[in-house]
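Read through the structure below, which is laid out as structure tokens, and then see the notes.
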Amino acid sequence: MRCGRRGSMIARVAAVCLLSLAATSALGQAPAYRAPRAADGRPDLNGIWQALNSANWDLEGHEAAPGPAPLLGAVFARPPGLGVVEGDEIPYLSEAAAKKKQNQANWVMLDPEVKCYLPGVPRATYLPYPFQIVQSQKTILIAYEYAGAVRVINMEAPTKAPAESWMGWSNGRWESETLVVDVTSQNDQTWFDRAGNFHSDVLHVVERYTPRSPDILDYEATIEDPKVFSRPWKISMPLYRRAERNARLLEFRCVEFAEELLYGHLRKKP
């Protein structure tokens, strides 16, 4: 009788231990987040999103620095940043690295952002302005507040671009919870940031948008350009949902801000 009781007690203790281990394991390996579904059953990415980092100043890690107008003090100073490049190094070929340094030294005059040119991909994603994703089964529209830029992602059979353009040509597909976008046919006029990081006309970008929570998307972009870089490289960052009750894109028509810079010298003198 005592042996039976002792055996029963040991069994109960063992069961409690197993349940405790199972609970610990479950906590340590929480199931991956599953986003709400759109009408077609795919993850619903609709909303207004924004990157909150200093990648537009420099993709690589950088210290704070004075701005281009010293008389304005801290206004327009460069904020510090930890960097968003995997390995914190962009693998330039030697000649391209020299051009990058020239761009950086003259960015105030050369950066396409200064002239309100369209930003290209991936820079449009981490400019300090929100953007909106409008999702349907056949296409996904991304509208950017900066300069009224837009791009349409084709979600059907991949198609080829009729010509190069500032925002390139986007073909998308779903891989489980992730929207994967293959971007080609961008011209060579855009930069990646204000630090002079650039590319050629054979730039190939593969983006990945993965919901992490209701209000966060994990964003990755793999960049390949054999004319400029020795190997493909990747950036990653979170994108945050704008949660204001009246959140929406506003007009940022910066073309008129750049007119004096671009065309002032053409004005007739009295």
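Here's how to read the names in the structure tokens: chain A, B, ... by the order shown, residue numbers from 1 in each chain, ligand numbers from 1 in the order shown.
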| Which residues come within 7 Å of Ala55 (chain A), counting only C-alpha atoms, excluding same-chain residues fewer than 6 positions away, as a ChimeraX atom specification? | /A:83-84,126,193
Kindly assemble as CSV a list of the region 106-148 of chain A residues that lie within 12 Å of region 220-226 of chain A, each paired with its nearest atom pair and their distance in Å to one decimal, using only C-alpha atoms, sorted first by chain and then by ascending residue number.
```
residue,atom,partner,partner_atom,distance
A:Val121,CA,A:Ala221,CA,9.1
A:Pro122,CA,A:Ala221,CA,7.0
A:Arg123,CA,A:Ala221,CA,10.2
A:Ala124,CA,A:Ala221,CA,12.0
A:Thr125,CA,A:Ala221,CA,10.1
A:Tyr126,CA,A:Glu220,CA,11.4
```
Selection above as a file: N, CA and C atoms, as an mmCIF file, in the first residue's frame:
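For reference, result.cif as written:
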```
data_model
loop_
_atom_site.group_PDB
_atom_site.id
_atom_site.type_symbol
_atom_site.label_atom_id
_atom_site.label_comp_id
_atom_site.auth_asym_id
_atom_site.auth_seq_id
_atom_site.Cartn_x
_atom_site.Cartn_y
_atom_site.Cartn_z
ATOM 1 N N VAL A 121 13.873 53.370 -54.805
ATOM 2 C CA VAL A 121 13.723 52.300 -53.832
ATOM 3 C C VAL A 121 15.103 51.730 -53.516
ATOM 4 N N PRO A 122 15.474 51.615 -52.249
ATOM 5 C CA PRO A 122 14.622 51.630 -51.059
ATOM 6 C C PRO A 122 14.502 52.976 -50.342
ATOM 7 N N ARG A 123 15.148 54.046 -50.806
ATOM 8 C CA ARG A 123 15.200 55.282 -50.029
ATOM 9 C C ARG A 123 13.819 55.839 -49.706
ATOM 10 N N ALA A 124 12.858 55.646 -50.589
ATOM 11 C CA ALA A 124 11.511 56.162 -50.335
ATOM 12 C C ALA A 124 10.953 55.646 -49.015
ATOM 13 N N THR A 125 11.392 54.459 -48.607
ATOM 14 C CA THR A 125 10.847 53.828 -47.407
ATOM 15 C C THR A 125 11.296 54.513 -46.126
ATOM 16 N N TYR A 126 12.543 55.005 -46.085
ATOM 17 C CA TYR A 126 13.061 55.546 -44.824
ATOM 18 C C TYR A 126 13.349 57.039 -44.868
#
```
Within 12 Å of region 176-184 of chain A: each region 99-158 of chain A residue with its shortest pair, only C-alpha atoms, as CSV:
```
residue,atom,partner,partner_atom,distance
A:Gly120,CA,A:Val183,CA,10.0
A:Val121,CA,A:Val183,CA,7.7
A:Pro122,CA,A:Val183,CA,9.2
A:Ile133,CA,A:Leu179,CA,11.8
A:Gln135,CA,A:Leu179,CA,11.1
A:Thr139,CA,A:Val181,CA,11.5
A:Ile140,CA,A:Leu179,CA,10.2
A:Ile142,CA,A:Val181,CA,11.9
A:Arg151,CA,A:Val183,CA,10.6
A:Val152,CA,A:Val181,CA,10.7
A:Ile153,CA,A:Val181,CA,7.4
A:Asn154,CA,A:Val181,CA,8.9
A:Met155,CA,A:Val181,CA,9.0
A:Glu156,CA,A:Val181,CA,11.8
A:Pro158,CA,A:Asp182,CA,9.2
```
Could those residues be written to a file, using N, CA, C and O atoms, as an mmCIF file, in the first residue's frame?
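Once written, again13.cif looks like this:
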```
data_model
loop_
_atom_site.group_PDB
_atom_site.id
_atom_site.type_symbol
_atom_site.label_atom_id
_atom_site.label_comp_id
_atom_site.auth_asym_id
_atom_site.auth_seq_id
_atom_site.Cartn_x
_atom_site.Cartn_y
_atom_site.Cartn_z
ATOM 1 N N GLY A 120 13.405 56.966 -55.351
ATOM 2 C CA GLY A 120 13.780 55.605 -55.696
ATOM 3 C C GLY A 120 13.566 54.642 -54.542
ATOM 4 O O GLY A 120 13.150 55.017 -53.441
ATOM 5 N N VAL A 121 13.873 53.370 -54.805
ATOM 6 C CA VAL A 121 13.723 52.300 -53.832
ATOM 7 C C VAL A 121 15.103 51.730 -53.516
ATOM 8 O O VAL A 121 15.885 51.473 -54.432
ATOM 9 N N PRO A 122 15.474 51.615 -52.249
ATOM 10 C CA PRO A 122 14.622 51.630 -51.059
ATOM 11 C C PRO A 122 14.502 52.976 -50.342
ATOM 12 O O PRO A 122 13.818 53.061 -49.322
ATOM 13 N N ILE A 133 0.183 52.214 -47.554
ATOM 14 C CA ILE A 133 0.000 50.994 -48.337
ATOM 15 C C ILE A 133 -1.490 50.774 -48.547
ATOM 16 O O ILE A 133 -2.268 50.767 -47.588
ATOM 17 N N GLN A 135 -3.850 48.013 -50.380
ATOM 18 C CA GLN A 135 -3.652 46.642 -50.834
ATOM 19 C C GLN A 135 -4.892 46.090 -51.528
ATOM 20 O O GLN A 135 -6.010 46.261 -51.058
ATOM 21 N N THR A 139 -2.909 44.192 -57.275
ATOM 22 C CA THR A 139 -1.880 45.226 -57.172
ATOM 23 C C THR A 139 -1.828 45.755 -55.742
ATOM 24 O O THR A 139 -2.809 45.668 -54.997
ATOM 25 N N ILE A 140 -0.683 46.316 -55.380
ATOM 26 C CA ILE A 140 -0.525 47.020 -54.114
ATOM 27 C C ILE A 140 0.041 48.391 -54.442
ATOM 28 O O ILE A 140 1.086 48.503 -55.099
ATOM 29 N N ILE A 142 1.678 51.906 -53.152
ATOM 30 C CA ILE A 142 2.354 52.588 -52.052
ATOM 31 C C ILE A 142 2.463 54.055 -52.440
ATOM 32 O O ILE A 142 3.082 54.398 -53.456
ATOM 33 N N ARG A 151 4.171 54.242 -56.213
ATOM 34 C CA ARG A 151 4.591 53.064 -56.971
ATOM 35 C C ARG A 151 3.496 52.017 -56.892
ATOM 36 O O ARG A 151 2.759 51.931 -55.898
ATOM 37 N N VAL A 152 3.373 51.238 -57.947
ATOM 38 C CA VAL A 152 2.379 50.173 -58.010
ATOM 39 C C VAL A 152 3.116 48.846 -58.096
ATOM 40 O O VAL A 152 3.973 48.648 -58.968
ATOM 41 N N ILE A 153 2.788 47.942 -57.187
ATOM 42 C CA ILE A 153 3.411 46.619 -57.152
ATOM 43 C C ILE A 153 2.468 45.635 -57.838
ATOM 44 O O ILE A 153 1.331 45.443 -57.401
ATOM 45 N N ASN A 154 2.939 45.027 -58.905
ATOM 46 C CA ASN A 154 2.150 44.033 -59.630
ATOM 47 C C ASN A 154 2.199 42.713 -58.866
ATOM 48 O O ASN A 154 3.270 42.169 -58.616
ATOM 49 N N MET A 155 1.027 42.184 -58.493
ATOM 50 C CA MET A 155 0.959 40.944 -57.717
ATOM 51 C C MET A 155 0.531 39.749 -58.574
ATOM 52 O O MET A 155 0.319 38.660 -58.041
ATOM 53 N N GLU A 156 0.440 39.937 -59.876
ATOM 54 C CA GLU A 156 0.117 38.819 -60.765
ATOM 55 C C GLU A 156 1.412 38.288 -61.389
ATOM 56 O O GLU A 156 2.474 38.448 -60.813
ATOM 57 N N PRO A 158 4.809 38.061 -63.149
ATOM 58 C CA PRO A 158 5.806 39.133 -63.293
ATOM 59 C C PRO A 158 5.820 39.707 -64.699
ATOM 60 O O PRO A 158 5.666 38.993 -65.689
#
```
| remark: Using only C-alpha atoms, the residue out of A:Ser213, A:Tyr144, A:Ala51, A:Leu239 with shortest distance to Pro36 (chain A) is A:Ser213
| Non-local contacts of Asn103 (chain A) (10 Å; only C-alpha atoms; under 2 positions in same chain excluded) as a ChimeraX atom specification | /A:97-101,105-111,191,194-198
| request: Point out the residue among A:Tyr209, A:Phe252, A:Tyr219, A:Phe192 with the least atom-to-atom distance to Pro238 (chain A), counting only C-alpha atoms. | output: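 Smallest separation from Pro238 (chain A) among the options: A:Tyr219.
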| task | Report the distance between CA of Arg241 (chain A) and CA of Trp174 (chain A) in Å, rounded to one decimal place. | result |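 Answer for the CA of Arg241 (chain A) to CA of Trp174 (chain A) separation: 20.6 Å.
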| query | In Å to one decimal, how far is CA of Asp201 (chain A) from CA of Arg253 (chain A)? | reply | 26.6 Å
| Could you pull out the alpha helix (DSSP H) residues of region 73-225 of chain A from DSSP and send them as a count of residues only? | 20
| Option closest in space to Ile216 (chain A), from A:Ala149, A:Val202, A:Cys116, A:Met237 [counting only C-alpha atoms] |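 Of the candidates, the smallest distance to Ile216 (chain A) is held by A:Met237.
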| task | Extract, using only C-alpha atoms, all DNA, RNA and protein residues at most 10 Å from Lys160 (chain A), discarding same-chain residues fewer than 3 positions from it, and format them as a PyMOL selection string. | result | chain A and resi 163+169-171+184-185
| request: Choose the residue, out of A:Asn46, A:Gln104, A:Ser230, A:Thr210, that has the smallest atom-to-atom separation from Val134 (chain A); count only C-alpha atoms. | output: A:Asn46
| request: Identify which of the residues A:Pro91, A:Pro214, A:Pro70, A:Pro130 lies closest to Leu52 (chain A), counting only C-alpha atoms when measuring atom-to-atom distances. | output: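 Looking at the shortest contact to Leu52 (chain A), the residue is A:Pro130.
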